[in-house]
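All remarks here apply to the structure that follows.
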Amino acid sequence: MEELKKKARELLEAKTVTMVIGYEEGTAGIARPAFIMDPSKAEKLIFDKRCNHNLALYLSKKEVKRAGKIAIVAPMPVMKSVIVLASENQVTENNLVVLGISADEKLVEFENFSAVEKYITEHPESYRAKDKELLDRIDKMNPQERWEFWQKELSKCIKCYACRGACPMCYCGTCTVDCNQPQWISVPSHEIGNLEWHLMRAMHLAGRCINCGQCADSCPLDLPVNILTLKISEDVLKNFNYKAGTSLQQDYVMSTYNPNDKENFIG
Ligand code: SF4
Ligand code: SF4
């Protein structure tokens, strides 16, 4: 992708940014995240179908924040994550340049975050095929079957927290599951503790999950935990008309109250 390499090199040479976060060739044919600070290394940047890590994950890391103004290579899930993080005051357009990548793998340049927001609303995306298939299957289950499905899946969880580590929206310095005084959620992997962990995670991501699928893709046991947050996203859209990653102005849906909110869950 020559236009991306050229743009990254220009930004670094002009010292507009100190770092470009993108993708480079890894080992065994895998693409991996790249952190380019030397303009001559911009040549290493790639973009193709293998580049599916959600790089927005790194934007809240202190090492990246310390680097000053940076640029990030942003296919659609990264663009949406940037909008969520901006709405939560985690990134600003003063410290971040978004190098958008279109669905046909072309560089899209943006003047500001509002332009990213506009691009996202003009290019709606559909679900990944495997997510759609499982979502449809779960939708057809009755409540008892769904309960059994999730109990069975989540009972396998070994609490490695790779799902949390892969999610750009899980950026708290200390996660509730790491807190032991008081200990809200038990550490060992067992049925009840696993359920608590996953319900807490899903609720913390309600209205914030942009459906990148990285949590499930990073799970060593292939647990479809993204479907929990995806399902809640559908409910948030239906009940509060809010879709994560589409608005810079939206307040966090779980901590705002509107007198016109539906109350059909009460009673
Ligand atoms: S799909 Fe998973 S990793 Fe991606 S934003 Fe949602 S919860 Fe986070
Ligand atoms: S990555 Fe998988 S096994 Fe690890 S905590 Fe998440 S769901 Fe559990």
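How things are named: the first chain in the structure tokens is A, the next is B, and so on; residues count from 1 in each chain; ligands count from 1 in the order shown.
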
**Message:** So that I can see what lies close to Tyr23 (chain A), please list as a VMD selection string the residues with an atom at most 12 Å from it, counting only C-alpha atoms and leaving out residues fewer than 3 positions away in the same chain.
**Reply:** chain A and resid 1 4 to 5 8 20 26 30 to 36 41 to 55 72 to 75

task = Report the residues of region 44-219 of chain A whose backbone DSSP state falls under helix (DSSP H, G or I), written as a ChimeraX atom specification.
result = /A:44,55-60,62-65,76-87,113-122,129-139,143-154,162-166,176-178,191-204,214-217

Could you please write out, as a PDB file with N, CA and C atoms, in the first residue's frame, every residue of region 16-240 of chain A that DSSP assigns to strand (DSSP E)?
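Output file out05.pdb follows:
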```pdb
ATOM      1  N   MET A  19       4.984   9.061  16.024  1.00  0.00           N
ATOM      2  CA  MET A  19       4.871   7.607  15.851  1.00  0.00           C
ATOM      3  C   MET A  19       3.675   7.301  14.940  1.00  0.00           C
ATOM      4  N   VAL A  20       3.832   6.278  14.135  1.00  0.00           N
ATOM      5  CA  VAL A  20       2.693   5.769  13.360  1.00  0.00           C
ATOM      6  C   VAL A  20       2.442   4.339  13.822  1.00  0.00           C
ATOM      7  N   ILE A  21       1.211   4.084  14.282  1.00  0.00           N
ATOM      8  CA  ILE A  21       0.849   2.711  14.650  1.00  0.00           C
ATOM      9  C   ILE A  21       0.129   2.094  13.460  1.00  0.00           C
ATOM     10  N   GLY A  22       0.659   0.987  12.987  1.00  0.00           N
ATOM     11  CA  GLY A  22       0.051   0.328  11.825  1.00  0.00           C
ATOM     12  C   GLY A  22       0.309  -1.163  11.894  1.00  0.00           C
ATOM     13  N   TYR A  23       0.423  -1.787  10.728  1.00  0.00           N
ATOM     14  CA  TYR A  23       0.651  -3.230  10.652  1.00  0.00           C
ATOM     15  C   TYR A  23       1.924  -3.494   9.849  1.00  0.00           C
ATOM     16  N   GLU A  24       2.613  -4.558  10.238  1.00  0.00           N
ATOM     17  CA  GLU A  24       3.788  -4.980   9.475  1.00  0.00           C
ATOM     18  C   GLU A  24       3.764  -6.504   9.355  1.00  0.00           C
ATOM     19  N   GLU A  25       4.615  -7.003   8.498  1.00  0.00           N
ATOM     20  CA  GLU A  25       4.743  -8.450   8.302  1.00  0.00           C
ATOM     21  C   GLU A  25       5.300  -9.076   9.584  1.00  0.00           C
ATOM     22  N   ALA A  31       0.237 -10.952  10.124  1.00  0.00           N
ATOM     23  CA  ALA A  31       0.488  -9.511  10.221  1.00  0.00           C
ATOM     24  C   ALA A  31       0.461  -9.132  11.698  1.00  0.00           C
ATOM     25  N   ARG A  32       1.337  -8.208  12.087  1.00  0.00           N
ATOM     26  CA  ARG A  32       1.367  -7.828  13.504  1.00  0.00           C
ATOM     27  C   ARG A  32       1.399  -6.300  13.630  1.00  0.00           C
ATOM     28  N   PRO A  33       1.046  -5.787  14.827  1.00  0.00           N
ATOM     29  CA  PRO A  33       1.093  -4.337  15.021  1.00  0.00           C
ATOM     30  C   PRO A  33       2.517  -3.811  14.871  1.00  0.00           C
ATOM     31  N   ALA A  34       2.642  -2.614  14.309  1.00  0.00           N
ATOM     32  CA  ALA A  34       3.954  -1.979  14.127  1.00  0.00           C
ATOM     33  C   ALA A  34       3.909  -0.587  14.738  1.00  0.00           C
ATOM     34  N   PHE A  35       5.018  -0.183  15.348  1.00  0.00           N
ATOM     35  CA  PHE A  35       5.117   1.133  15.986  1.00  0.00           C
ATOM     36  C   PHE A  35       6.305   1.834  15.341  1.00  0.00           C
ATOM     37  N   ILE A  36       6.011   2.654  14.341  1.00  0.00           N
ATOM     38  CA  ILE A  36       7.066   3.231  13.500  1.00  0.00           C
ATOM     39  C   ILE A  36       7.397   4.649  13.978  1.00  0.00           C
ATOM     40  N   LEU A  45       5.335  -0.750   6.561  1.00  0.00           N
ATOM     41  CA  LEU A  45       3.877  -0.803   6.751  1.00  0.00           C
ATOM     42  C   LEU A  45       3.201  -1.625   5.654  1.00  0.00           C
ATOM     43  N   ILE A  46       2.206  -2.411   6.081  1.00  0.00           N
ATOM     44  CA  ILE A  46       1.403  -3.188   5.113  1.00  0.00           C
ATOM     45  C   ILE A  46      -0.069  -2.974   5.445  1.00  0.00           C
ATOM     46  N   ILE A  70       0.425  11.173  17.630  1.00  0.00           N
ATOM     47  CA  ILE A  70       0.724   9.979  16.820  1.00  0.00           C
ATOM     48  C   ILE A  70      -0.309   9.838  15.695  1.00  0.00           C
ATOM     49  N   ALA A  71      -0.034   8.923  14.782  1.00  0.00           N
ATOM     50  CA  ALA A  71      -1.004   8.590  13.726  1.00  0.00           C
ATOM     51  C   ALA A  71      -1.341   7.112  13.859  1.00  0.00           C
ATOM     52  N   ILE A  72      -2.557   6.765  13.487  1.00  0.00           N
ATOM     53  CA  ILE A  72      -2.955   5.361  13.576  1.00  0.00           C
ATOM     54  C   ILE A  72      -3.594   4.913  12.261  1.00  0.00           C
ATOM     55  N   VAL A  73      -3.192   3.735  11.799  1.00  0.00           N
ATOM     56  CA  VAL A  73      -3.793   3.142  10.597  1.00  0.00           C
ATOM     57  C   VAL A  73      -5.145   2.563  11.022  1.00  0.00           C
ATOM     58  N   ALA A  74      -6.208   2.986  10.333  1.00  0.00           N
ATOM     59  CA  ALA A  74      -7.545   2.734  10.878  1.00  0.00           C
ATOM     60  C   ALA A  74      -8.543   2.159   9.871  1.00  0.00           C
ATOM     61  N   LEU A  96      -3.936  12.973  17.788  1.00  0.00           N
ATOM     62  CA  LEU A  96      -4.122  11.768  16.965  1.00  0.00           C
ATOM     63  C   LEU A  96      -4.521  12.098  15.527  1.00  0.00           C
ATOM     64  N   VAL A  97      -3.776  11.510  14.586  1.00  0.00           N
ATOM     65  CA  VAL A  97      -4.134  11.597  13.155  1.00  0.00           C
ATOM     66  C   VAL A  97      -4.677  10.232  12.753  1.00  0.00           C
ATOM     67  N   VAL A  98      -5.862  10.209  12.154  1.00  0.00           N
ATOM     68  CA  VAL A  98      -6.474   8.945  11.747  1.00  0.00           C
ATOM     69  C   VAL A  98      -6.210   8.715  10.260  1.00  0.00           C
ATOM     70  N   LEU A  99      -5.459   7.650   9.974  1.00  0.00           N
ATOM     71  CA  LEU A  99      -5.195   7.275   8.574  1.00  0.00           C
ATOM     72  C   LEU A  99      -6.192   6.175   8.219  1.00  0.00           C
ATOM     73  N   GLY A 100      -7.361   6.587   7.736  1.00  0.00           N
ATOM     74  CA  GLY A 100      -8.441   5.639   7.475  1.00  0.00           C
ATOM     75  C   GLY A 100      -8.113   4.683   6.338  1.00  0.00           C
ATOM     76  N   ILE A 101      -8.667   3.479   6.426  1.00  0.00           N
ATOM     77  CA  ILE A 101      -8.533   2.494   5.345  1.00  0.00           C
ATOM     78  C   ILE A 101      -9.944   2.088   4.941  1.00  0.00           C
ATOM     79  N   LEU A 107      -6.316   4.360   1.150  1.00  0.00           N
ATOM     80  CA  LEU A 107      -6.102   5.327   2.230  1.00  0.00           C
ATOM     81  C   LEU A 107      -7.188   6.409   2.178  1.00  0.00           C
ATOM     82  N   VAL A 108      -7.754   6.723   3.343  1.00  0.00           N
ATOM     83  CA  VAL A 108      -8.751   7.808   3.434  1.00  0.00           C
ATOM     84  C   VAL A 108      -8.214   8.807   4.446  1.00  0.00           C
ATOM     85  N   GLU A 109      -7.988  10.035   3.999  1.00  0.00           N
ATOM     86  CA  GLU A 109      -7.448  11.042   4.923  1.00  0.00           C
ATOM     87  C   GLU A 109      -8.581  11.863   5.515  1.00  0.00           C
TER      88      GLU A 109
END
```

task = Kindly work out which residues sit at most 7 Å from ligand 2, using only C-alpha atoms and all ligand atoms, and give the list as a ChimeraX atom specification.
result = /A:157-164,215-216,218-223,225

Residues of the last selection are to be written out with C-alpha atoms, as a PDB file, in the first residue's frame.
```
ATOM      1  CA  CYS A 157     -13.441 -19.889  30.554  1.00  0.00           C
ATOM      2  CA  ILE A 158     -10.033 -20.078  32.245  1.00  0.00           C
ATOM      3  CA  LYS A 159     -10.024 -16.368  33.168  1.00  0.00           C
ATOM      4  CA  CYS A 160      -6.875 -15.548  31.278  1.00  0.00           C
ATOM      5  CA  TYR A 161      -8.393 -12.105  30.468  1.00  0.00           C
ATOM      6  CA  ALA A 162      -7.067 -12.105  26.900  1.00  0.00           C
ATOM      7  CA  CYS A 163     -10.529 -10.871  25.834  1.00  0.00           C
ATOM      8  CA  ARG A 164     -10.155  -7.875  28.138  1.00  0.00           C
ATOM      9  CA  CYS A 215     -12.305 -10.329  22.313  1.00  0.00           C
ATOM     10  CA  ALA A 216     -13.536 -13.590  20.786  1.00  0.00           C
ATOM     11  CA  SER A 218      -8.122 -13.553  21.099  1.00  0.00           C
ATOM     12  CA  CYS A 219      -9.769 -16.211  23.298  1.00  0.00           C
ATOM     13  CA  PRO A 220      -7.609 -19.354  23.476  1.00  0.00           C
ATOM     14  CA  LEU A 221     -10.779 -21.416  23.899  1.00  0.00           C
ATOM     15  CA  ASP A 222     -12.687 -19.781  21.032  1.00  0.00           C
ATOM     16  CA  LEU A 223     -15.500 -18.677  23.342  1.00  0.00           C
ATOM     17  CA  VAL A 225     -17.855 -13.680  24.104  1.00  0.00           C
TER      18      VAL A 225
END
```

Using only C-alpha atoms and all ligand atoms, find each protein or nucleic acid residue lying at most 7 Å from ligand 1; present the set as a JSON list (two decimals) with N, CA, C and O atoms, in the first residue's frame.
```json
[["chain", "number", "residue", "atom", "x", "y", "z"],
["A", 163, "CYS", "N", -9.42, -11.62, 26.45],
["A", 163, "CYS", "CA", -10.53, -10.87, 25.83],
["A", 163, "CYS", "C", -10.49, -9.42, 26.30],
["A", 163, "CYS", "O", -10.65, -8.49, 25.51],
["A", 166, "ALA", "N", -7.59, -7.47, 24.74],
["A", 166, "ALA", "CA", -7.68, -7.16, 23.30],
["A", 166, "ALA", "C", -8.67, -6.04, 23.00],
["A", 166, "ALA", "O", -8.73, -5.55, 21.88],
["A", 167, "CYS", "N", -9.42, -5.63, 24.02],
["A", 167, "CYS", "CA", -10.52, -4.67, 23.75],
["A", 167, "CYS", "C", -10.07, -3.22, 23.99],
["A", 167, "CYS", "O", -9.64, -2.88, 25.09],
["A", 168, "PRO", "N", -10.19, -2.35, 22.97],
["A", 168, "PRO", "CA", -9.78, -0.95, 23.15],
["A", 168, "PRO", "C", -10.60, -0.22, 24.20],
["A", 168, "PRO", "O", -10.16, 0.78, 24.74],
["A", 169, "MET", "N", -11.81, -0.72, 24.46],
["A", 169, "MET", "CA", -12.66, 0.00, 25.41],
["A", 169, "MET", "C", -12.46, -0.47, 26.85],
["A", 169, "MET", "O", -13.07, 0.06, 27.77],
["A", 205, "LEU", "N", -19.39, -2.88, 28.78],
["A", 205, "LEU", "CA", -19.26, -2.57, 27.35],
["A", 205, "LEU", "C", -20.60, -2.25, 26.69],
["A", 205, "LEU", "O", -20.64, -1.99, 25.48],
["A", 208, "ARG", "N", -20.91, 0.55, 24.28],
["A", 208, "ARG", "CA", -19.54, 0.99, 23.98],
["A", 208, "ARG", "C", -18.85, 0.02, 23.02],
["A", 208, "ARG", "O", -17.85, 0.38, 22.39],
["A", 209, "CYS", "N", -19.35, -1.20, 22.93],
["A", 209, "CYS", "CA", -18.74, -2.21, 22.05],
["A", 209, "CYS", "C", -19.01, -1.85, 20.59],
["A", 209, "CYS", "O", -20.15, -1.59, 20.22],
["A", 210, "ILE", "N", -17.96, -1.83, 19.78],
["A", 210, "ILE", "CA", -18.15, -1.48, 18.37],
["A", 210, "ILE", "C", -18.13, -2.74, 17.48],
["A", 210, "ILE", "O", -18.05, -2.66, 16.27],
["A", 211, "ASN", "N", -18.18, -3.89, 18.13],
["A", 211, "ASN", "CA", -18.34, -5.14, 17.40],
["A", 211, "ASN", "C", -17.16, -5.47, 16.48],
["A", 211, "ASN", "O", -17.34, -5.86, 15.33],
["A", 212, "CYS", "N", -15.95, -5.30, 17.03],
["A", 212, "CYS", "CA", -14.77, -5.65, 16.21],
["A", 212, "CYS", "C", -14.47, -7.15, 16.28],
["A", 212, "CYS", "O", -13.75, -7.69, 15.45],
["A", 213, "GLY", "N", -14.97, -7.81, 17.33],
["A", 213, "GLY", "CA", -14.78, -9.26, 17.45],
["A", 213, "GLY", "C", -13.44, -9.68, 18.02],
["A", 213, "GLY", "O", -13.14, -10.87, 18.13],
["A", 214, "GLN", "N", -12.61, -8.69, 18.43],
["A", 214, "GLN", "CA", -11.26, -9.03, 18.90],
["A", 214, "GLN", "C", -11.26, -9.83, 20.19],
["A", 214, "GLN", "O", -10.36, -10.63, 20.43],
["A", 215, "CYS", "N", -12.26, -9.59, 21.04],
["A", 215, "CYS", "CA", -12.30, -10.33, 22.31],
["A", 215, "CYS", "C", -12.45, -11.82, 22.03],
["A", 215, "CYS", "O", -11.74, -12.65, 22.62],
["A", 216, "ALA", "N", -13.34, -12.17, 21.11],
["A", 216, "ALA", "CA", -13.54, -13.59, 20.79],
["A", 216, "ALA", "C", -12.34, -14.14, 20.02],
["A", 216, "ALA", "O", -11.89, -15.27, 20.26],
["A", 226, "ASN", "N", -17.85, -12.16, 22.18],
["A", 226, "ASN", "CA", -18.28, -10.94, 21.49],
["A", 226, "ASN", "C", -19.78, -10.95, 21.23],
["A", 226, "ASN", "O", -20.40, -9.89, 21.07],
["A", 229, "THR", "N", -21.67, -9.03, 23.99],
["A", 229, "THR", "CA", -21.66, -7.58, 23.85],
["A", 229, "THR", "C", -22.39, -7.12, 22.58],
["A", 229, "THR", "O", -23.03, -6.07, 22.57],
["A", 230, "LEU", "N", -22.33, -7.95, 21.55],
["A", 230, "LEU", "CA", -23.05, -7.62, 20.31],
["A", 230, "LEU", "C", -24.56, -7.62, 20.55],
["A", 230, "LEU", "O", -25.28, -6.73, 20.10]]
```

What are the closest atom pairs, with distances in Å to one decimal, for all residues of region 137-180 of chain A lying within 9 Å of region 190-198 of chain A? Consider only C-alpha atoms, order rows by chain and residue number, and present the result as JSON lines.
```
{"residue": "A:Trp150", "atom": "CA", "partner": "A:Leu195", "partner_atom": "CA", "distance": 8.6}
{"residue": "A:Gln151", "atom": "CA", "partner": "A:Glu191", "partner_atom": "CA", "distance": 7.3}
{"residue": "A:Lys152", "atom": "CA", "partner": "A:Glu191", "partner_atom": "CA", "distance": 8.7}
{"residue": "A:Leu154", "atom": "CA", "partner": "A:Asn194", "partner_atom": "CA", "distance": 6.3}
{"residue": "A:Ser155", "atom": "CA", "partner": "A:Glu191", "partner_atom": "CA", "distance": 5.0}
{"residue": "A:Lys156", "atom": "CA", "partner": "A:Glu191", "partner_atom": "CA", "distance": 8.4}
{"residue": "A:Cys157", "atom": "CA", "partner": "A:Asn194", "partner_atom": "CA", "distance": 6.7}
{"residue": "A:Ile158", "atom": "CA", "partner": "A:Asn194", "partner_atom": "CA", "distance": 8.3}
{"residue": "A:Lys159", "atom": "CA", "partner": "A:Asn194", "partner_atom": "CA", "distance": 7.4}
{"residue": "A:Val177", "atom": "CA", "partner": "A:Trp197", "partner_atom": "CA", "distance": 7.3}
```

Store the residues picked out above in a file with N, CA and C atoms, as a compact mmCIF listing (two decimals), in the first residue's frame.
```
# COMPACT_ATOMS: atom_id res chain seq x y z
N TRP A 150 -25.17 -20.37 27.40
CA TRP A 150 -24.13 -19.50 27.94
C TRP A 150 -23.44 -20.12 29.15
N GLN A 151 -24.23 -20.82 29.98
CA GLN A 151 -23.59 -21.49 31.12
C GLN A 151 -22.54 -22.49 30.65
N LYS A 152 -22.90 -23.24 29.60
CA LYS A 152 -21.97 -24.25 29.08
C LYS A 152 -20.73 -23.59 28.47
N LEU A 154 -19.52 -20.48 28.99
CA LEU A 154 -18.72 -19.69 29.93
C LEU A 154 -18.06 -20.55 31.01
N SER A 155 -18.61 -21.75 31.23
CA SER A 155 -17.99 -22.62 32.23
C SER A 155 -16.59 -23.05 31.78
N LYS A 156 -16.31 -22.94 30.46
CA LYS A 156 -14.99 -23.35 29.94
C LYS A 156 -13.93 -22.26 30.17
N CYS A 157 -14.37 -21.04 30.46
CA CYS A 157 -13.44 -19.89 30.55
C CYS A 157 -12.38 -20.14 31.63
N ILE A 158 -11.13 -19.86 31.29
CA ILE A 158 -10.03 -20.08 32.24
C ILE A 158 -9.58 -18.76 32.87
N LYS A 159 -10.33 -17.70 32.60
CA LYS A 159 -10.02 -16.37 33.17
C LYS A 159 -8.59 -15.92 32.89
N VAL A 177 -11.88 -7.00 38.30
CA VAL A 177 -11.47 -8.39 38.54
C VAL A 177 -10.06 -8.50 39.14
```

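Nearest to Gln90 (chain A) of all the residues A:Ala56, A:Asp261, A:Glu145, A:Asp139 is A:Ala56, based on only C-alpha atoms.
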
Atomic distance CA of Thr256 (chain A) - CA of Lys65 (chain A), expressed in Å with one decimal: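 Distance between the two atoms: 28.5 Å.
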
Which residue, A:Glu122, A:Asp251, A:Glu263, A:Glu63, has the smallest gap to Asn89 (chain A) when you use only C-alpha atoms?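 When distances to Asn89 (chain A) are compared using only C-alpha atoms, the smallest one comes from A:Asp251.
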
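Distances to Lys15 (chain A) were evaluated for A:His123, A:Met37, A:Gly29, A:Glu3 using only C-alpha atoms, and the minimum falls at A:Met37.
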